[in-house]
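Peer 1: Here you go, protein_21.cif (mmCIF, C-alpha atoms):
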```cif
data_query
#
loop_
_atom_site.group_PDB
_atom_site.id
_atom_site.type_symbol
_atom_site.label_atom_id
_atom_site.label_comp_id
_atom_site.auth_asym_id
_atom_site.auth_seq_id
_atom_site.Cartn_x
_atom_site.Cartn_y
_atom_site.Cartn_z
ATOM 1 C CA MET A 29 0.000 0.000 0.000
ATOM 2 C CA ASP A 30 1.222 3.486 -0.841
ATOM 3 C CA ARG A 31 1.662 5.043 2.600
ATOM 4 C CA ALA A 32 2.326 8.471 1.101
ATOM 5 C CA HIS A 33 -1.403 9.068 0.779
ATOM 6 C CA VAL A 34 -2.668 7.271 3.881
ATOM 7 C CA GLY A 35 -1.714 10.050 6.269
ATOM 8 C CA LEU A 36 -0.818 9.808 9.909
ATOM 9 C CA LEU A 37 -1.163 6.290 11.274
ATOM 10 C CA ALA A 38 -1.461 7.547 14.861
ATOM 11 C CA SER A 39 -4.373 9.799 15.709
ATOM 12 C CA PRO A 40 -3.394 13.477 15.735
ATOM 13 C CA ASP A 41 -4.058 15.765 18.661
ATOM 14 C CA PRO A 42 -7.837 16.456 18.754
ATOM 15 C CA VAL A 43 -7.282 20.217 19.136
ATOM 16 C CA LEU A 44 -4.974 20.241 16.094
ATOM 17 C CA LEU A 45 -7.503 18.203 14.117
ATOM 18 C CA ALA A 46 -10.434 20.447 15.104
ATOM 19 C CA GLY A 47 -8.426 23.552 14.153
ATOM 20 C CA LEU A 48 -7.501 22.082 10.763
ATOM 21 C CA GLU A 49 -11.085 21.010 10.130
ATOM 22 C CA LYS A 50 -12.363 24.516 10.935
ATOM 23 C CA ARG A 51 -9.784 26.102 8.613
ATOM 24 C CA ILE A 52 -10.778 23.753 5.784
ATOM 25 C CA VAL A 53 -14.518 24.368 6.241
ATOM 26 C CA ASP A 54 -13.942 28.147 6.429
ATOM 27 C CA TRP A 55 -11.731 27.985 3.313
ATOM 28 C CA ALA A 56 -14.422 26.006 1.453
ATOM 29 C CA ARG A 57 -17.104 28.495 2.509
ATOM 30 C CA GLY A 58 -14.881 31.248 1.088
ATOM 31 C CA GLN A 59 -14.896 29.333 -2.217
ATOM 32 C CA GLY A 60 -18.700 29.351 -2.114
ATOM 33 C CA TRP A 61 -18.782 25.614 -1.393
ATOM 34 C CA PHE A 62 -20.967 23.552 0.913
ATOM 35 C CA LEU A 63 -18.597 21.076 2.576
ATOM 36 C CA GLU A 64 -19.202 18.557 5.381
ATOM 37 C CA ARG A 65 -16.986 16.084 7.177
ATOM 38 C CA THR A 66 -17.597 12.494 6.110
ATOM 39 C CA GLY A 67 -16.068 9.081 6.720
ATOM 40 C CA PRO A 68 -15.474 7.019 9.848
ATOM 41 C CA LEU A 69 -14.584 9.980 12.111
ATOM 42 C CA ARG A 70 -18.114 11.259 11.609
ATOM 43 C CA ARG A 71 -19.393 8.044 13.202
ATOM 44 C CA GLY A 72 -17.022 8.429 16.145
ATOM 45 C CA GLN A 73 -14.730 5.670 14.842
ATOM 46 C CA PRO A 74 -10.936 5.558 15.354
ATOM 47 C CA TRP A 75 -8.617 7.733 13.258
ATOM 48 C CA PRO A 76 -8.655 6.396 9.651
ATOM 49 C CA GLY A 77 -5.377 8.055 8.638
ATOM 50 C CA ARG A 78 -6.872 11.119 6.946
ATOM 51 C CA LEU A 79 -9.634 13.701 7.183
ATOM 52 C CA GLU A 80 -12.484 13.222 4.719
ATOM 53 C CA PHE A 81 -14.939 15.809 3.453
ATOM 54 C CA ILE A 82 -17.709 15.765 0.896
ATOM 55 C CA LYS A 83 -18.526 18.742 -1.315
ATOM 56 C CA LYS A 84 -21.968 19.488 -2.704
ATOM 57 C CA GLY A 85 -21.453 20.003 -6.432
ATOM 58 C CA ILE A 86 -18.982 18.629 -8.957
ATOM 59 C CA LEU A 87 -15.654 20.118 -10.064
ATOM 60 C CA GLY A 88 -13.304 18.753 -12.706
ATOM 61 C CA PRO A 89 -9.812 17.525 -11.734
ATOM 62 C CA GLU A 90 -8.128 20.579 -13.250
ATOM 63 C CA VAL A 91 -10.237 22.881 -11.066
ATOM 64 C CA TRP A 92 -9.510 20.809 -7.954
ATOM 65 C CA GLY A 93 -5.795 21.069 -8.683
ATOM 66 C CA GLU A 94 -5.892 24.834 -9.117
ATOM 67 C CA VAL A 95 -8.038 25.462 -6.046
ATOM 68 C CA LEU A 96 -6.135 23.115 -3.713
ATOM 69 C CA GLN A 97 -2.737 24.428 -4.857
ATOM 70 C CA ALA A 98 -3.860 28.024 -4.330
ATOM 71 C CA SER A 99 -4.839 27.296 -0.722
ATOM 72 C CA THR A 100 -2.334 28.151 1.998
ATOM 73 C CA ILE A 101 -3.622 25.186 4.041
ATOM 74 C CA PHE A 102 -2.062 22.558 1.789
ATOM 75 C CA VAL A 103 1.603 21.863 1.017
ATOM 76 C CA GLU A 104 1.123 18.936 -1.378
ATOM 77 C CA VAL A 105 -1.714 18.186 -3.802
ATOM 78 C CA VAL A 106 -2.780 15.094 -5.761
ATOM 79 C CA ALA A 107 -5.439 16.756 -7.921
ATOM 80 C CA GLU A 108 -6.649 13.655 -9.778
ATOM 81 C CA LYS A 109 -7.474 12.010 -6.423
ATOM 82 C CA ARG A 110 -8.823 15.221 -4.822
ATOM 83 C CA GLU A 111 -6.303 14.787 -1.990
ATOM 84 C CA ALA A 112 -4.038 17.281 -0.295
ATOM 85 C CA LYS A 113 -1.568 17.252 2.576
ATOM 86 C CA SER A 114 -1.804 19.961 5.204
ATOM 87 C CA ALA A 115 1.189 21.766 6.674
ATOM 88 C CA GLU A 116 0.553 19.662 9.813
ATOM 89 C CA GLY A 117 1.201 16.502 7.775
ATOM 90 C CA ILE A 118 -2.437 15.395 7.702
ATOM 91 C CA TRP A 119 -3.826 14.137 4.406
ATOM 92 C CA VAL A 120 -7.282 15.334 3.432
ATOM 93 C CA LYS A 121 -9.563 13.573 0.919
ATOM 94 C CA PHE A 122 -12.381 15.427 -0.829
ATOM 95 C CA PHE A 123 -15.369 13.560 -2.236
ATOM 96 C CA GLN A 124 -18.023 15.333 -4.300
ATOM 97 C CA SER A 125 -21.642 14.790 -5.249
ATOM 98 C CA PRO A 126 -24.339 16.426 -7.346
ATOM 99 C CA GLY A 127 -26.516 18.494 -5.014
ATOM 100 C CA ALA A 128 -29.686 16.498 -5.667
ATOM 101 C CA LEU A 129 -27.958 13.278 -4.540
ATOM 102 C CA PHE A 130 -25.820 14.745 -1.754
ATOM 103 C CA GLY A 131 -27.756 12.952 1.015
ATOM 104 C CA PHE A 132 -27.092 9.547 -0.545
ATOM 105 C CA ALA A 133 -23.426 10.359 -1.109
ATOM 106 C CA GLN A 134 -23.010 11.511 2.493
ATOM 107 C CA LEU A 135 -24.622 8.274 3.741
ATOM 108 C CA ALA A 136 -22.401 6.189 1.452
ATOM 109 C CA HIS A 137 -19.171 7.889 2.522
ATOM 110 C CA THR A 138 -20.043 7.981 6.226
ATOM 111 C CA GLY A 139 -20.904 4.282 6.395
ATOM 112 C CA PRO A 140 -20.625 1.793 7.927
ATOM 113 C CA THR A 141 -20.112 -0.343 4.817
ATOM 114 C CA ASP A 142 -22.619 -3.099 5.643
ATOM 115 C CA PHE A 143 -25.292 -0.535 6.537
ATOM 116 C CA VAL A 144 -24.762 1.282 3.224
ATOM 117 C CA ALA A 145 -24.824 -1.993 1.256
ATOM 118 C CA ALA A 146 -28.216 -2.786 2.796
ATOM 119 C CA LEU A 147 -29.498 0.726 2.006
ATOM 120 C CA ARG A 148 -28.413 0.408 -1.628
ATOM 121 C CA SER A 149 -30.715 -2.605 -2.041
ATOM 122 C CA ARG A 150 -33.767 -0.708 -0.772
ATOM 123 C CA ARG A 151 -36.410 0.813 -2.983
ATOM 124 C CA GLY A 152 -35.797 4.565 -3.247
ATOM 125 C CA TRP A 153 -31.986 4.488 -3.080
ATOM 126 C CA ASP A 154 -30.462 7.124 -5.371
ATOM 127 C CA GLN A 155 -33.815 8.681 -6.263
ATOM 128 C CA ALA A 156 -33.413 12.436 -6.347
ATOM 129 C CA PRO A 157 -33.966 14.760 -4.744
ATOM 130 C CA ALA A 158 -32.241 13.929 -1.491
ATOM 131 C CA GLU A 159 -30.161 16.992 -0.706
ATOM 132 C CA ASP A 160 -29.342 15.833 2.828
ATOM 133 C CA GLU A 161 -29.153 12.590 4.794
ATOM 134 C CA ARG A 162 -32.559 13.056 6.398
ATOM 135 C CA ALA A 163 -34.168 13.206 2.926
ATOM 136 C CA ALA A 164 -32.096 10.237 1.671
ATOM 137 C CA LEU A 165 -33.124 8.080 4.640
ATOM 138 C CA ALA A 166 -36.761 9.075 4.082
ATOM 139 C CA GLN A 167 -36.438 8.032 0.406
ATOM 140 C CA VAL A 168 -35.621 4.466 1.552
ATOM 141 C CA GLY A 169 -38.354 4.502 4.196
ATOM 142 C CA LEU A 170 -36.224 5.133 7.274
ATOM 143 C CA PRO A 171 -36.370 7.749 10.007
ATOM 144 C CA TRP A 172 -33.361 9.950 10.778
ATOM 145 C CA MET A 173 -30.458 8.127 12.459
ATOM 146 C CA ALA A 174 -27.342 9.908 13.673
ATOM 147 C CA PRO A 175 -24.153 8.533 12.058
ATOM 148 C CA GLU A 176 -23.009 6.783 15.236
ATOM 149 C CA GLN A 177 -26.387 4.970 15.489
ATOM 150 C CA ARG A 178 -26.282 3.423 12.030
ATOM 151 C CA SER A 179 -26.040 -0.362 11.944
ATOM 152 C CA LEU A 180 -27.667 -3.328 10.224
ATOM 153 C CA GLY A 181 -29.641 -3.994 13.399
ATOM 154 C CA ARG A 182 -31.384 -0.620 13.014
ATOM 155 C CA LEU A 183 -32.709 -1.601 9.575
ATOM 156 C CA GLY A 184 -35.088 -4.360 10.722
ATOM 157 C CA ALA A 185 -35.493 -7.784 9.171
ATOM 158 C CA PRO A 186 -33.784 -8.437 5.810
ATOM 159 C CA GLY A 187 -36.097 -7.988 2.840
ATOM 160 C CA ARG A 188 -38.429 -5.732 4.785
ATOM 161 C CA SER A 189 -38.530 -1.981 5.087
ATOM 162 C CA LEU A 190 -39.863 0.369 7.702
ATOM 163 C CA GLY A 191 -43.083 2.160 6.907
ATOM 164 C CA GLN A 192 -43.151 5.770 5.712
ATOM 165 C CA HIS A 193 -42.668 7.065 9.249
ATOM 166 C CA GLY A 194 -40.577 4.155 10.479
ATOM 167 C CA SER A 195 -43.410 2.888 12.636
ATOM 168 C CA ARG A 196 -43.860 -0.679 11.408
ATOM 169 C CA PRO A 197 -42.243 -3.090 8.960
ATOM 170 C CA VAL A 198 -44.048 -3.598 5.654
ATOM 171 C CA PRO A 199 -43.133 -5.920 2.760
ATOM 172 C CA SER A 200 -40.788 -4.300 0.251
#
```
I'd like the structure from this file rewritten - as C-alpha cells, please.

Peer 2:
Amino acid sequence: MDRAHVGLLASPDPVLLAGLEKRIVDWARGQGWFLERTGPLRRGQPWPGRLEFIKKGILGPEVWGEVLQASTIFVEVVAEKREAKSAEGIWVKFFQSPGALFGFAQLAHTGPTDFVAALRSRRGWDQAPAEDERAALAQVGLPWMAPEQRSLGRLGAPGRSLGQHGSRPVPS
C-alpha cells in the first residue's frame, strides 16, 4: 500500500484536528462551497489516517488542482485524487456529489459499509432529490439516524422496510 497518501497512522491531537477542520470548512465556505466532514470519524470511529470531506457540487480535476494548490492550508496536492496534505502533515480527501444526490453520497461515505450496502438494495436508493441525509433516509423509508447509530440492526429484518414514518415493517 502506498503510505504516502494514507496520512498519519497515529491519531493526531484532537485540538490540532479540530483547528484544521475549521480552517478547511472556512476555506471552502470562502470558495462558495458547501462542505461537510464524512467518513469514519463522523461516526465516532478511530482515526482512519486522513480527514475526509464531501462537497456538494462537482468540479473537474483541473479545477480541484488549481483550487487546492492556491490554498495556503495545503503543502502537497494530488489533484486527480482530490487529496491534499496539510502543513501539519495530515492528508485530506475530498469527495463530491451532485446536489440532488448529496444525502445519498453523504450516507455512502459515512458508512458503515454493511449498513450502506443494505441501504443500496432498498427501494428509493439514489432517487433524487435527497439533498441531505434526512431526505435520503426518508427516500428508503427510514427515520433519521445519527451517524453513530447506524447499523444493520437498526434496519429491521432483511427484505423488509420500515413504513413511511418508520413505525412498522411492511413488505418491500

Peer 1: Using only C-alpha atoms, which residue out of A:Pro157, A:Gly139, A:Gly88, A:Gly152 lies closest to Gln124 of chain A?

Peer 2: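 Answer, going by the shortest atom-to-atom distance: A:Gly88.
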
Peer 1: Suppose you want the space between atom CA of Ala46 of chain A and atom CA of Thr138 of chain A; what is it in Å?

Peer 2: 18.1 Å

Peer 1: Mind pulling up the distance from atom CA of Gly58 of chain A to atom CA of Val120 of chain A?

Peer 2: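 Atom-to-atom, atom CA of Val120 of chain A to atom CA of Gly58 of chain A, that is 17.8 Å.
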
Peer 1: Within 12 Å of (-9.3, 17.8, -12.6) in the file's own coordinates, which protein, DNA or RNA residues have an atom, counting all atoms listed in the file? List them as a ChimeraX atom specification.

Peer 2: /A:86-96,105-111

Peer 1: Counting only C-alpha atoms, write as a list in words all protein and nucleic acid residues lying at most 12 Å from (-34.1, 10.7, 9.5) in the file's frame.

Peer 2: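 In the file's frame, the residues around the point are Gly131, Leu135, Ala158, Asp160, Glu161, Arg162, Ala163, Ala164, Leu165, Ala166, Gln167, Val168, Gly169, Leu170, Pro171, Trp172, Met173, Ala174, Pro175, Gln177, Arg178, Leu190, Gln192, His193 and Gly194 of chain A.
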
Peer 1: Next, write the just-selected residues to a file, as a compact mmCIF listing (two decimals), in the coordinates of the input, keeping C-alpha atoms as the atom set.

Peer 2:
```
# COMPACT_ATOMS: atom_id res chain seq x y z
CA GLY A 131 -27.76 12.95 1.01
CA LEU A 135 -24.62 8.27 3.74
CA ALA A 158 -32.24 13.93 -1.49
CA ASP A 160 -29.34 15.83 2.83
CA GLU A 161 -29.15 12.59 4.79
CA ARG A 162 -32.56 13.06 6.40
CA ALA A 163 -34.17 13.21 2.93
CA ALA A 164 -32.10 10.24 1.67
CA LEU A 165 -33.12 8.08 4.64
CA ALA A 166 -36.76 9.07 4.08
CA GLN A 167 -36.44 8.03 0.41
CA VAL A 168 -35.62 4.47 1.55
CA GLY A 169 -38.35 4.50 4.20
CA LEU A 170 -36.22 5.13 7.27
CA PRO A 171 -36.37 7.75 10.01
CA TRP A 172 -33.36 9.95 10.78
CA MET A 173 -30.46 8.13 12.46
CA ALA A 174 -27.34 9.91 13.67
CA PRO A 175 -24.15 8.53 12.06
CA GLN A 177 -26.39 4.97 15.49
CA ARG A 178 -26.28 3.42 12.03
CA LEU A 190 -39.86 0.37 7.70
CA GLN A 192 -43.15 5.77 5.71
CA HIS A 193 -42.67 7.06 9.25
CA GLY A 194 -40.58 4.16 10.48
```

Peer 1: Once 6 Å is added on each side, what centre and edge lengths in Å to one decimal does the axis-aligned box around all listed atoms of segment 124-138 of chain A have, as JSON?

Peer 2:
```
{"center_x": -23.9, "center_y": 12.3, "center_z": -0.6, "size_x": 23.7, "size_y": 24.3, "size_z": 25.6}
```

Peer 1: Quick one: residues within 10 Å of segment 65-76 of chain A, only C-alpha atoms counted, chain neighbours fewer than 6 positions away excluded, as a PDB file with C-alpha atoms, in the frame of the given file?

Peer 2:
```
ATOM      1  CA  VAL A  34      -2.668   7.271   3.881  1.00  0.00           C
ATOM      2  CA  GLY A  35      -1.714  10.050   6.269  1.00  0.00           C
ATOM      3  CA  LEU A  36      -0.818   9.808   9.909  1.00  0.00           C
ATOM      4  CA  LEU A  37      -1.163   6.290  11.274  1.00  0.00           C
ATOM      5  CA  ALA A  38      -1.461   7.547  14.861  1.00  0.00           C
ATOM      6  CA  SER A  39      -4.373   9.799  15.709  1.00  0.00           C
ATOM      7  CA  PRO A  40      -3.394  13.477  15.735  1.00  0.00           C
ATOM      8  CA  GLU A  49     -11.085  21.010  10.130  1.00  0.00           C
ATOM      9  CA  ILE A  52     -10.778  23.753   5.784  1.00  0.00           C
ATOM     10  CA  VAL A  53     -14.518  24.368   6.241  1.00  0.00           C
ATOM     11  CA  ILE A  82     -17.709  15.765   0.896  1.00  0.00           C
ATOM     12  CA  LYS A  83     -18.526  18.742  -1.315  1.00  0.00           C
ATOM     13  CA  LYS A 121      -9.563  13.573   0.919  1.00  0.00           C
ATOM     14  CA  PHE A 122     -12.381  15.427  -0.829  1.00  0.00           C
ATOM     15  CA  PHE A 123     -15.369  13.560  -2.236  1.00  0.00           C
ATOM     16  CA  ALA A 133     -23.426  10.359  -1.109  1.00  0.00           C
ATOM     17  CA  GLN A 134     -23.010  11.511   2.493  1.00  0.00           C
ATOM     18  CA  LEU A 135     -24.622   8.274   3.741  1.00  0.00           C
ATOM     19  CA  ALA A 136     -22.401   6.189   1.452  1.00  0.00           C
ATOM     20  CA  HIS A 137     -19.171   7.889   2.522  1.00  0.00           C
ATOM     21  CA  THR A 138     -20.043   7.981   6.226  1.00  0.00           C
ATOM     22  CA  GLY A 139     -20.904   4.282   6.395  1.00  0.00           C
ATOM     23  CA  PRO A 140     -20.625   1.793   7.927  1.00  0.00           C
ATOM     24  CA  ALA A 174     -27.342   9.908  13.673  1.00  0.00           C
ATOM     25  CA  PRO A 175     -24.153   8.533  12.058  1.00  0.00           C
ATOM     26  CA  GLU A 176     -23.009   6.783  15.236  1.00  0.00           C
ATOM     27  CA  GLN A 177     -26.387   4.970  15.489  1.00  0.00           C
ATOM     28  CA  ARG A 178     -26.282   3.423  12.030  1.00  0.00           C
TER      29      ARG A 178
END
```

Peer 1: If you count all atoms listed in the file, which residues fall within 8 Å of segment 145-148 of chain A, apart from same-chain ones fewer than 5 positions away, as a ChimeraX atom specification?

Peer 2: /A:153-154,168,180

Peer 1: Quick one: of A:Asp54, A:Gln155, A:Thr141, A:Trp61, who's nearest to Ser179 of chain A, counting all atoms listed in the file?

Peer 2: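 For Ser179 of chain A, the nearest of the candidates is A:Thr141.
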